[in-house]
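Participant: What follows is query-v9.tsv; its format and atoms are TSV, C-alpha atoms.
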chain	number	residue	atom	x	y	z
F	12	MET	CA	-19.72	34.63	-17.41
F	13	ILE	CA	-20.29	31.63	-15.05
F	14	LYS	CA	-18.50	29.43	-17.57
F	15	ASN	CA	-15.49	31.76	-17.53
F	16	LEU	CA	-15.48	31.89	-13.75
F	17	PHE	CA	-15.56	28.09	-13.58
F	18	PHE	CA	-12.68	27.91	-16.06
F	19	PHE	CA	-10.68	30.45	-14.04
F	20	ILE	CA	-11.23	28.57	-10.76
F	21	SER	CA	-10.27	25.24	-12.37
F	22	LEU	CA	-7.11	26.85	-13.73
F	23	LEU	CA	-6.31	28.27	-10.30
F	24	ILE	CA	-6.76	24.86	-8.61
F	25	PHE	CA	-4.68	23.18	-11.29
F	26	PHE	CA	-1.79	25.64	-10.91
F	27	SER	CA	-1.91	25.63	-7.12
F	28	CYS	CA	-1.65	21.80	-7.20
F	29	GLN	CA	1.25	22.03	-9.63
F	30	ILE	CA	3.01	24.61	-7.45
F	31	LYS	CA	2.56	22.35	-4.40
F	32	LYS	CA	3.97	19.37	-6.31
F	33	GLN	CA	6.92	21.17	-7.87
F	34	ASN	CA	7.85	23.18	-4.86
F	35	HIS	CA	8.37	20.59	-2.19
F	36	ILE	CA	12.16	20.96	-2.36
F	37	ASN	CA	11.74	24.74	-2.15
F	38	TYR	CA	9.47	24.18	0.82
F	39	LEU	CA	12.07	21.95	2.52
F	40	ASN	CA	14.77	24.56	1.99
F	41	LYS	CA	12.52	27.21	3.51
F	42	VAL	CA	11.97	24.93	6.52
F	43	ASN	CA	15.72	24.39	6.81
F	44	ASP	CA	16.29	28.14	6.78
F	45	ILE	CA	13.70	28.67	9.52
F	46	ASP	CA	15.06	25.78	11.57
F	47	ASN	CA	18.47	27.36	11.26
F	48	ILE	CA	17.09	30.55	12.85
F	49	TYR	CA	15.54	28.52	15.64
F	50	ARG	CA	18.36	26.09	16.29
F	51	LEU	CA	21.51	28.06	15.58
F	52	LYS	CA	20.36	31.61	16.31
F	53	ASN	CA	17.90	30.72	19.08
F	54	ASP	CA	15.38	33.25	17.84
F	55	THR	CA	12.06	31.67	18.83
F	56	LEU	CA	9.75	34.58	18.03
F	57	THR	CA	11.08	34.99	14.49
F	58	THR	CA	10.83	31.21	14.08
F	59	ILE	CA	7.16	31.18	15.08
F	60	GLU	CA	6.37	34.12	12.82
F	61	LYS	CA	8.14	32.55	9.85
F	62	TYR	CA	6.48	29.18	10.38
F	63	ARG	CA	3.09	30.90	10.65
F	64	LYS	CA	3.62	32.53	7.26
F	65	LEU	CA	4.96	29.28	5.79
F	66	PHE	CA	1.96	27.22	6.86
F	67	LYS	CA	-0.40	29.78	5.37
F	68	LYS	CA	1.14	28.90	2.04
F	69	TYR	CA	2.00	25.21	2.45
F	70	PRO	CA	0.11	22.28	3.99
F	71	PRO	CA	1.28	20.96	7.39
F	72	HIS	CA	4.39	18.81	7.16
F	73	ASN	CA	6.96	17.31	9.50
F	74	SER	CA	10.49	16.87	8.13
F	75	HIS	CA	12.91	14.36	9.58
F	76	LEU	CA	13.88	15.37	13.15
F	77	ILE	CA	12.90	19.00	12.46
F	78	ASN	CA	9.18	18.24	12.81
F	79	GLU	CA	8.37	21.77	11.72
F	80	PHE	CA	4.60	21.73	12.12
F	81	GLN	CA	4.86	20.12	15.54
F	82	THR	CA	7.65	22.53	16.49
F	83	TYR	CA	5.54	25.48	15.36
F	84	ILE	CA	2.68	24.32	17.58
F	85	THR	CA	4.79	23.54	20.65
F	86	LEU	CA	6.85	26.74	20.43
F	87	SER	CA	3.68	28.80	19.99
F	88	ASP	CA	2.00	27.03	22.89
F	89	LYS	CA	4.95	27.73	25.18
F	90	ARG	CA	4.85	31.41	24.22
F	91	ASN	CA	1.05	31.65	24.30
F	92	GLU	CA	1.07	32.54	20.63
F	93	ASN	CA	-1.86	31.63	18.41
F	94	PHE	CA	-1.10	28.56	16.29
F	95	GLY	CA	-4.61	27.88	15.09
F	96	GLY	CA	-5.78	25.91	18.14
F	97	LYS	CA	-7.84	22.78	17.72
F	98	GLU	CA	-7.95	23.03	13.95
F	99	SER	CA	-4.15	22.93	13.72
F	100	LEU	CA	-3.95	20.12	16.25
F	101	TYR	CA	-6.28	18.04	14.10
F	102	LYS	CA	-3.94	18.69	11.18
F	103	LEU	CA	-1.02	17.49	13.29
F	104	ILE	CA	-2.59	14.09	13.99
F	105	PRO	CA	-1.86	12.50	10.56
F	106	LEU	CA	1.75	13.68	10.90
F	107	ILE	CA	2.33	11.97	14.23
F	108	ALA	CA	0.17	8.96	13.35
F	109	PRO	CA	2.79	6.89	11.47
F	110	ASN	CA	4.97	6.58	14.60
F	111	TRP	CA	2.07	6.82	17.07
F	112	LYS	CA	3.48	3.70	18.70
F	113	TYR	CA	6.12	5.95	20.31
F	114	ASN	CA	4.67	9.43	19.80
F	115	LYS	CA	1.88	8.59	22.22
F	116	TYR	CA	4.48	8.65	25.01
F	117	ASP	CA	5.30	12.29	24.30
F	118	LYS	CA	3.63	13.70	27.39
F	119	TYR	CA	4.11	17.32	26.44
F	120	LEU	CA	2.48	16.84	23.06
F	121	ILE	CA	-0.43	14.93	24.57
F	122	SER	CA	-0.89	17.70	27.15
F	123	ILE	CA	-1.37	20.26	24.35
F	124	PHE	CA	-4.10	18.10	22.85
F	125	LYS	CA	-5.76	17.85	26.25
F	126	LYS	CA	-5.52	21.60	26.70
F	127	TYR	CA	-7.66	21.96	23.58
F	128	ASP	CA	-10.18	19.31	24.71
F	129	ILE	CA	-8.86	16.55	22.49
F	130	ASP	CA	-8.72	13.61	24.88
F	131	SER	CA	-6.94	10.29	24.46
F	132	ILE	CA	-10.10	8.54	23.19
F	133	GLU	CA	-10.59	11.08	20.42
F	134	LEU	CA	-6.89	10.90	19.58
F	135	GLU	CA	-6.97	7.11	19.37
F	136	ASN	CA	-10.11	7.26	17.22
F	137	ARG	CA	-8.47	9.68	14.82
F	138	ILE	CA	-5.34	7.53	14.67
F	139	THR	CA	-7.56	4.55	13.83
F	140	THR	CA	-9.25	6.59	11.08
F	141	TRP	CA	-5.80	7.46	9.73
F	142	LYS	CA	-4.79	3.80	9.74
F	143	LYS	CA	-7.93	2.92	7.80
F	144	SER	CA	-7.01	5.52	5.20
F	145	LEU	CA	-3.83	3.61	4.30
F	146	ASN	CA	-3.71	1.48	1.17
F	147	LYS	CA	-4.43	-1.99	2.56
F	148	LYS	CA	-3.05	-3.77	-0.48
F	149	LEU	CA	0.25	-1.90	-0.23
F	150	VAL	CA	0.44	-2.29	3.55
F	151	ASP	CA	0.16	-6.07	3.03
F	152	SER	CA	2.73	-6.10	0.23
F	153	PHE	CA	5.27	-3.90	1.99
F	154	SER	CA	4.88	-5.69	5.31
F	155	ILE	CA	6.12	-8.76	3.45
F	156	ALA	CA	8.77	-6.72	1.60
F	157	PHE	CA	10.22	-5.34	4.83
F	158	PHE	CA	10.35	-8.81	6.30
F	159	ARG	CA	12.14	-9.99	3.15
F	160	ASN	CA	14.47	-6.98	3.46
F	161	GLN	CA	15.96	-8.43	6.63
F	162	GLU	CA	15.12	-12.12	6.30
F	163	PHE	CA	18.54	-13.44	5.26
F	164	ARG	CA	20.49	-10.32	6.17
F	165	THR	CA	20.49	-10.60	9.94
F	166	PRO	CA	21.59	-12.15	12.14
F	167	LYS	CA	23.29	-14.41	9.61
F	168	TYR	CA	23.86	-13.09	6.10
F	169	ILE	CA	23.00	-15.59	3.39
F	170	GLU	CA	23.92	-13.80	0.20
F	171	LYS	CA	22.22	-16.03	-2.36
F	172	LEU	CA	18.83	-15.98	-0.64
F	173	GLN	CA	18.97	-12.30	0.29
F	174	THR	CA	19.77	-11.35	-3.32
F	175	ILE	CA	16.58	-13.14	-4.41
F	176	ASN	CA	14.64	-11.25	-1.72
F	177	ASP	CA	16.07	-7.89	-2.80
F	178	LYS	CA	15.14	-8.68	-6.40
F	179	LYS	CA	11.56	-9.41	-5.34
F	180	ASN	CA	11.46	-6.12	-3.44
F	181	SER	CA	12.80	-4.27	-6.46
F	182	GLU	CA	9.98	-5.74	-8.55
F	183	LEU	CA	7.44	-4.73	-5.93
F	184	PHE	CA	8.71	-1.15	-6.03
F	185	LEU	CA	8.41	-1.03	-9.82
F	186	TRP	CA	4.88	-2.41	-9.70
F	187	THR	CA	3.96	0.09	-6.97
F	188	PHE	CA	5.45	3.05	-8.86
F	189	ASN	CA	3.47	2.08	-11.95
F	190	ASN	CA	0.19	1.43	-10.21
F	191	PHE	CA	0.09	3.61	-7.10
F	192	GLY	CA	3.07	5.97	-7.01
F	193	PHE	CA	5.54	6.08	-4.14
F	194	PRO	CA	4.75	3.99	-1.04
F	195	SER	CA	5.07	6.89	1.39
F	196	VAL	CA	4.24	6.79	5.11
F	197	ASN	CA	0.88	8.31	4.21
F	198	THR	CA	0.19	5.32	2.01
F	199	ILE	CA	1.69	2.38	3.92
F	200	GLY	CA	2.51	3.82	7.38
F	201	LEU	CA	5.66	3.06	9.35
F	202	TRP	CA	4.54	-0.04	11.25
F	203	GLY	CA	3.02	-2.71	9.06
F	204	ASN	CA	1.17	-5.96	9.68
F	205	ASN	CA	2.28	-7.80	12.82
F	206	ASP	CA	3.97	-4.57	13.85
F	207	ILE	CA	6.80	-4.96	11.35
F	208	PHE	CA	9.02	-1.90	11.19
F	209	MET	CA	9.08	-0.35	7.69
F	210	PRO	CA	11.92	2.21	7.39
F	211	MET	CA	11.95	3.34	3.76
F	212	GLY	CA	15.56	4.57	3.76
F	213	ASN	CA	16.82	1.17	4.74
F	214	ILE	CA	14.99	-0.74	2.03
F	215	LEU	CA	15.97	1.84	-0.61
F	216	ASN	CA	19.55	1.41	0.54
F	217	HIS	CA	19.25	-2.20	-0.58
F	218	MET	CA	17.95	-1.13	-3.99
F	219	ALA	CA	21.35	0.44	-4.70
F	220	GLY	CA	23.08	-2.90	-5.34
F	221	LEU	CA	24.93	-3.40	-8.61
F	222	ASP	CA	22.65	-6.32	-9.39
F	223	ASN	CA	19.61	-4.02	-9.51
F	224	LYS	CA	19.34	-3.52	-13.26
F	225	ASP	CA	16.63	-0.91	-12.75
F	226	TYR	CA	18.75	1.29	-10.49
F	227	ASN	CA	18.84	4.20	-12.95
F	228	TYR	CA	15.07	4.12	-13.21
F	229	PHE	CA	14.81	4.08	-9.41
F	230	LYS	CA	17.16	7.05	-9.24
F	231	GLU	CA	15.20	9.09	-11.75
F	232	LYS	CA	11.75	8.11	-10.54
F	233	ILE	CA	12.40	8.55	-6.83
F	234	TYR	CA	13.94	11.97	-7.44
F	235	GLU	CA	10.59	12.94	-8.97
F	236	TYR	CA	8.88	11.64	-5.82
F	237	VAL	CA	11.22	13.77	-3.69
F	238	LYS	CA	10.18	16.82	-5.72
F	239	GLN	CA	6.55	15.92	-5.16
F	240	GLY	CA	7.07	15.44	-1.42
F	241	GLU	CA	6.24	11.73	-1.56
F	242	CYS	CA	9.74	10.44	-0.73
F	243	THR	CA	11.89	12.13	1.89
F	244	PRO	CA	15.27	13.49	0.75
F	245	GLU	CA	16.94	11.43	3.51
F	246	ASP	CA	15.57	8.17	2.09
F	247	TYR	CA	16.56	9.11	-1.45
F	248	ALA	CA	20.03	10.18	-0.31
F	249	GLU	CA	20.52	6.86	1.39
F	250	MET	CA	20.10	5.02	-1.90
F	251	ILE	CA	22.28	7.42	-3.89
F	252	ASP	CA	25.09	7.46	-1.34
F	253	LYS	CA	25.02	3.71	-1.04
F	254	ARG	CA	25.48	3.34	-4.78
F	255	ALA	CA	28.38	5.80	-4.72
F	256	PHE	CA	29.90	3.82	-1.87
F	257	ILE	CA	29.58	0.54	-3.78
F	258	GLU	CA	31.18	2.10	-6.85
F	259	GLY	CA	34.03	3.48	-4.76
F	260	LYS	CA	32.99	7.07	-5.48
F	261	GLU	CA	32.65	9.90	-3.01
F	262	CYS	CA	29.30	10.41	-1.37
F	263	VAL	CA	26.90	12.83	-3.03
F	264	TYR	CA	24.83	13.91	-0.02
F	265	CYS	CA	27.02	12.41	2.71
F	266	ASN	CA	24.27	11.62	5.18
F	267	VAL	CA	26.69	9.33	6.98
F	268	SER	CA	28.07	10.37	10.35
F	269	ASN	CA	31.59	9.20	9.61
F	270	SER	CA	31.83	10.24	5.96
F	271	ASN	CA	35.12	11.43	4.61
F	272	ILE	CA	34.10	14.84	3.29
F	273	LYS	CA	36.49	16.65	0.98
F	274	ASP	CA	34.39	19.31	-0.71
F	275	SER	CA	31.75	20.42	1.76
F	276	LEU	CA	30.69	23.37	-0.41
F	277	GLN	CA	29.74	21.07	-3.28
F	278	ILE	CA	28.11	18.57	-0.93
F	279	ASN	CA	26.06	21.31	0.71
F	280	LYS	CA	24.94	22.42	-2.75
F	281	ASN	CA	23.94	18.83	-3.58
F	282	ARG	CA	22.07	18.63	-0.30
F	283	ARG	CA	20.18	21.85	-0.93
F	284	ASP	CA	19.22	20.57	-4.39
F	285	ILE	CA	17.09	17.89	-2.74
F	286	GLY	CA	16.06	19.89	0.34
F	287	LEU	CA	18.49	18.50	2.91
F	288	PRO	CA	19.95	20.84	5.56
F	289	SER	CA	23.65	21.68	5.28
F	290	LEU	CA	26.15	19.26	6.85
F	291	LYS	CA	26.73	21.54	9.83
F	292	HIS	CA	23.02	22.12	10.31
F	293	SER	CA	22.30	18.39	10.06
F	294	ARG	CA	24.90	17.58	12.68
F	295	LYS	CA	23.25	20.09	15.00
F	296	ILE	CA	19.80	18.61	14.32
F	297	ASN	CA	21.09	15.12	15.11
F	298	SER	CA	22.99	16.09	18.23
F	299	ASP	CA	19.97	18.04	19.52
F	300	TYR	CA	17.79	15.01	18.96
F	301	LEU	CA	20.20	12.67	20.71
F	302	LYS	CA	20.42	15.10	23.65
F	303	LYS	CA	16.64	14.95	23.96
F	304	LEU	CA	16.88	11.18	24.36
F	305	LYS	CA	19.15	11.51	27.36
Y	15	MET	CA	9.03	10.98	26.98
Y	16	LYS	CA	9.48	8.61	29.86
Y	17	LYS	CA	10.38	5.61	27.75
Y	18	LEU	CA	13.00	7.51	25.80
Y	19	THR	CA	14.71	8.68	28.98
Y	20	GLY	CA	15.21	5.14	30.18
Y	21	MET	CA	16.31	4.05	26.77
Y	22	LYS	CA	19.16	6.52	26.43
Y	23	LYS	CA	20.92	5.17	29.47
Y	24	ARG	CA	21.28	1.92	27.60
Y	25	PHE	CA	22.25	3.58	24.35
Y	26	SER	CA	26.00	3.16	24.58
Y	27	SER	CA	25.99	-0.25	26.16
Y	28	LEU	CA	23.53	-1.52	23.61
Y	29	GLU	CA	25.59	-0.09	20.84
Y	30	ASN	CA	28.68	-1.81	22.16
Y	31	LYS	CA	26.77	-4.99	22.51
Y	32	ARG	CA	25.49	-4.56	18.98
Y	33	LEU	CA	28.99	-4.30	17.62
Y	34	LYS	CA	30.03	-7.49	19.32
Y	35	SER	CA	26.94	-9.44	18.52
Y	36	LEU	CA	25.03	-9.15	15.26
Y	37	ASP	CA	22.11	-10.85	16.97
Y	38	SER	CA	21.20	-7.63	18.66
Y	39	ILE	CA	20.99	-5.70	15.41
Y	40	PHE	CA	17.52	-4.94	14.07
Y	41	GLY	CA	15.50	-7.96	13.25
Y	42	GLY	CA	14.46	-8.77	16.77
Y	43	SER	CA	10.90	-8.82	17.97
Y	44	PRO	CA	9.16	-5.47	18.29
Y	45	GLY	CA	8.07	-5.03	21.86
Y	46	PHE	CA	11.20	-6.64	23.23
Y	47	THR	CA	12.92	-3.30	23.45
Y	48	ASN	CA	12.19	0.33	22.62
Y	49	ASP	CA	15.21	0.37	20.36
Y	50	PHE	CA	15.34	-0.77	16.78
Y	51	TRP	CA	18.58	-1.40	15.07
Y	52	SER	CA	18.95	-1.86	11.42
Y	53	GLN	CA	21.83	-3.24	9.51
Y	54	SER	CA	22.23	-2.18	5.94
Y	55	SER	CA	24.27	-4.39	3.77
Y	56	ILE	CA	24.22	-5.58	0.24
Y	57	SER	CA	25.67	-8.55	-1.48
Y	58	GLN	CA	29.08	-7.01	-2.03
Y	59	TRP	CA	29.81	-6.82	1.67
Y	60	ASN	CA	28.78	-8.73	4.69
Y	61	CYS	CA	28.27	-5.38	6.31
Y	62	SER	CA	29.22	-2.05	4.84
Y	63	ASP	CA	27.12	0.42	6.77
Y	64	ILE	CA	24.66	0.56	9.60
Y	65	ASP	CA	21.48	2.52	10.06
Y	66	THR	CA	20.43	3.12	13.61
Y	67	TYR	CA	16.79	3.65	14.44
Y	68	VAL	CA	15.61	4.49	17.91
Y	69	ASP	CA	11.93	4.13	18.64
Y	70	GLY	CA	11.08	4.18	14.97
Y	71	VAL	CA	13.19	7.24	14.21
Y	72	HIS	CA	16.33	7.13	12.10
Y	73	VAL	CA	19.06	8.74	14.15
Y	74	GLN	CA	22.31	7.73	12.58
Y	75	ARG	CA	23.95	6.18	9.59
Y	76	GLN	CA	27.52	5.00	9.75
Y	77	GLU	CA	29.98	3.39	7.43
Y	78	CYS	CA	31.81	0.43	8.82
Y	79	LEU	CA	35.51	0.81	8.76
Y	80	THR	CA	36.11	-2.84	7.98
Y	81	ASP	CA	34.09	-5.45	6.13
Y	82	ASP	CA	32.88	-6.88	9.38
Y	83	CYS	CA	30.92	-4.45	11.52
Y	84	ALA	CA	31.27	-6.68	14.52
Y	85	ASP	CA	34.99	-5.96	14.80
Y	86	SER	CA	35.16	-2.45	13.45
Y	87	THR	CA	35.58	0.70	15.44
Y	88	ILE	CA	32.69	2.95	14.64
Y	89	ILE	CA	32.85	6.65	15.26
Y	90	THR	CA	29.82	7.73	17.21
Y	91	LYS	CA	28.85	11.32	16.88
Translate the structure of the given file into structure tokens.

Facilitator:
Amino acid sequence: MIKNLFFFISLLIFFSCQIKKQNHINYLNKVNDIDNIYRLKNDTLTTIEKYRKLFKKYPPHNSHLINEFQTYITLSDKRNENFGGKESLYKLIPLIAPNWKYNKYDKYLISIFKKYDIDSIELENRITTWKKSLNKKLVDSFSIAFFRNQEFRTPKYIEKLQTINDKKNSELFLWTFNNFGFPSVNTIGLWGNNDIFMPMGNILNHMAGLDNKDYNYFKEKIYEYVKQGECTPEDYAEMIDKRAFIEGKECVYCNVSNSNIKDSLQINKNRRDIGLPSLKHSRKINSDYLKKLK
Amino acid sequence: MKKLTGMKKRFSSLENKRLKSLDSIFGGSPGFTNDFWSQSSISQWNCSDIDTYVDGVHVQRQECLTDDCADSTIITK
């Protein structure tokens, strides 16, 4: 009987892990649908309710510029709705930790932490703990890779040397995929050694070159990482669209503000297939974000 | 977001400056400014598209309309 119970629980854990892994694109599309209600229909209460249900099923996550878990907390706080209090705020910390360098200036966010007795010392300590959880070996390797990514590209472009650098970075990616999986922000962070900026989309963009003989492998492998929630769809799209651009083909996901879009229905379908919001929705997300910066 | 507020006022002028001078594109020292600018290019072009990051957040990706971003007119939306 105990043996059977153990077997049943193991099976349950195994399947729940599989569901989590396979369903990240489904999750992203659910987030996009909820964000659509919030942003385009301005229905805050429905948004909170839908996010509450979503986070009962899925672990906390912040998508690019949507920041759904953070949005759920701040909207709930403004409306005095229960968002899980301190426990949820602790779950938010690893999500804001990668860009803590700037997130720490978000006074409203910090005030919510204070409201729940999480002071700046505790926050800093938890951010330090998060930093320690990163893969040191990969942080070191990718800090160098991101330096190489720009070394001969700006301000003066030296093609021969930069091509060698991009090749080295391509090899590092392959080694990382084989040994550790995808170097996500939860693995390497966003700011590396000596405070080097490590934007994944940008470096993947440079993996799309015709001289990258492993491009097809990158395409296939990184798509799997998108499905698992390790790579963001924006970063993946950047590489795919860059390749299309180089080959003179039309963009697949068209995450470019001045893209020439002919078939928006097909593009929106492509976007949904990897969990990106529709073109119209994305434009709204971006313009809202830029308005916030004003 | 006090820092962001101050930054936005310089957004357009910095962008204009960026288009005229590649020196101001990402690659500068962190801490010098709140803004980070990143140029994406590969060997086929000197500059085919630009990613813009503000305070560590990717906010825009644009294609350049000519091979040289410094002289091209970029639609900002």

Participant: Using all atoms listed in the file, which protein or nucleic acid residues come within 7 Å of range 200-205 of chain F? Drop anything in the same chain fewer than 2 positions from it, and give the result as a list in words.

Facilitator: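 Final neighbour list, sorted by chain and number: Pro109, Asn110, Val150, Asp151, Ser154, Val196, Asn197, Thr198, Ile207, Phe208, Met209 and Pro210 of chain F.
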
Participant: Can you tell me how far CA of Thr187 in chain F sits from CA of Phe153 in chain F, in Å to one decimal?

Facilitator: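 Separating CA of Thr187 in chain F from CA of Phe153 in chain F is a distance of 9.9 Å.
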
Participant: Can you work out which one of F:Tyr62, F:Tyr69, F:Tyr116, F:Tyr101 has the shortest atom-to-atom distance to chain Y, counting only C-alpha atoms?

Facilitator: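 Ranked by minimum distance to chain Y, first place goes to F:Tyr116.
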
Participant: Considering only C-alpha atoms, can you say which of F:Ile214, F:Ile285, F:Ile123, F:Leu134 comes closest to Ser87 in chain F?

Facilitator: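 Counting only C-alpha atoms, the residue closest to Ser87 in chain F is F:Ile123.
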
Participant: In Å, rounded to a single decimal, give me how far CA of Phe80 in chain F is from CA of Leu106 in chain F.

Facilitator: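 Here the two named atoms are 8.6 Å from each other.
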
Participant: Set the distance at 10 Å and use all atoms listed in the file: which residues neighbour Asp299 in chain F once local chain neighbours fewer than 6 positions away are removed? I'd like the list as an MDAnalysis selection string.

Facilitator: chainID F and resid 50 76 293

Participant: What is the CA of Cys262 in chain F-CA of Thr174 in chain F distance in Å, reported with one decimal?

Facilitator: 23.8 Å

Participant: Within 12 Å of Ser131 in chain F, counting all atoms listed in the file, which residues show up once you throw out same-chain ones fewer than 4 positions away? Write them as number ranges by chain, please.

Facilitator: F: 104, 115-116, 118, 120-127, 135-138

Participant: Measuring atom to atom with only C-alpha atoms, identify which of F:Gly286, F:Gly212, F:Pro244, F:Gly259 is nearest to chain Y.

Facilitator: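 Going through F:Gly286, F:Gly212, F:Pro244, F:Gly259 one by one, the smallest distance to chain Y is for F:Gly212.
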
Participant: With distances taken over all atoms listed in the file, which residue among F:Leu183, F:Leu172, F:Cys242, F:Ile278 lies nearest chain Y?

Facilitator: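 Using all atoms listed in the file, the shortest distance to chain Y belongs to F:Leu172.
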
Participant: Nearest to Lys68 in chain F among F:Thr85, F:Tyr49, F:Asn271, F:His35, with distances taken over all atoms listed in the file: which residue is it?

Facilitator: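 Closest to Lys68 in chain F of all the choices is F:His35.
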
Participant: For a quick check of understanding, using only C-alpha atoms, which of F:Glu182, F:Asp46, F:Asp54, F:Asp222 has the smallest distance to chain Y?

Facilitator: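 Going through F:Glu182, F:Asp46, F:Asp54, F:Asp222 one by one, the smallest distance to chain Y is for F:Asp222.
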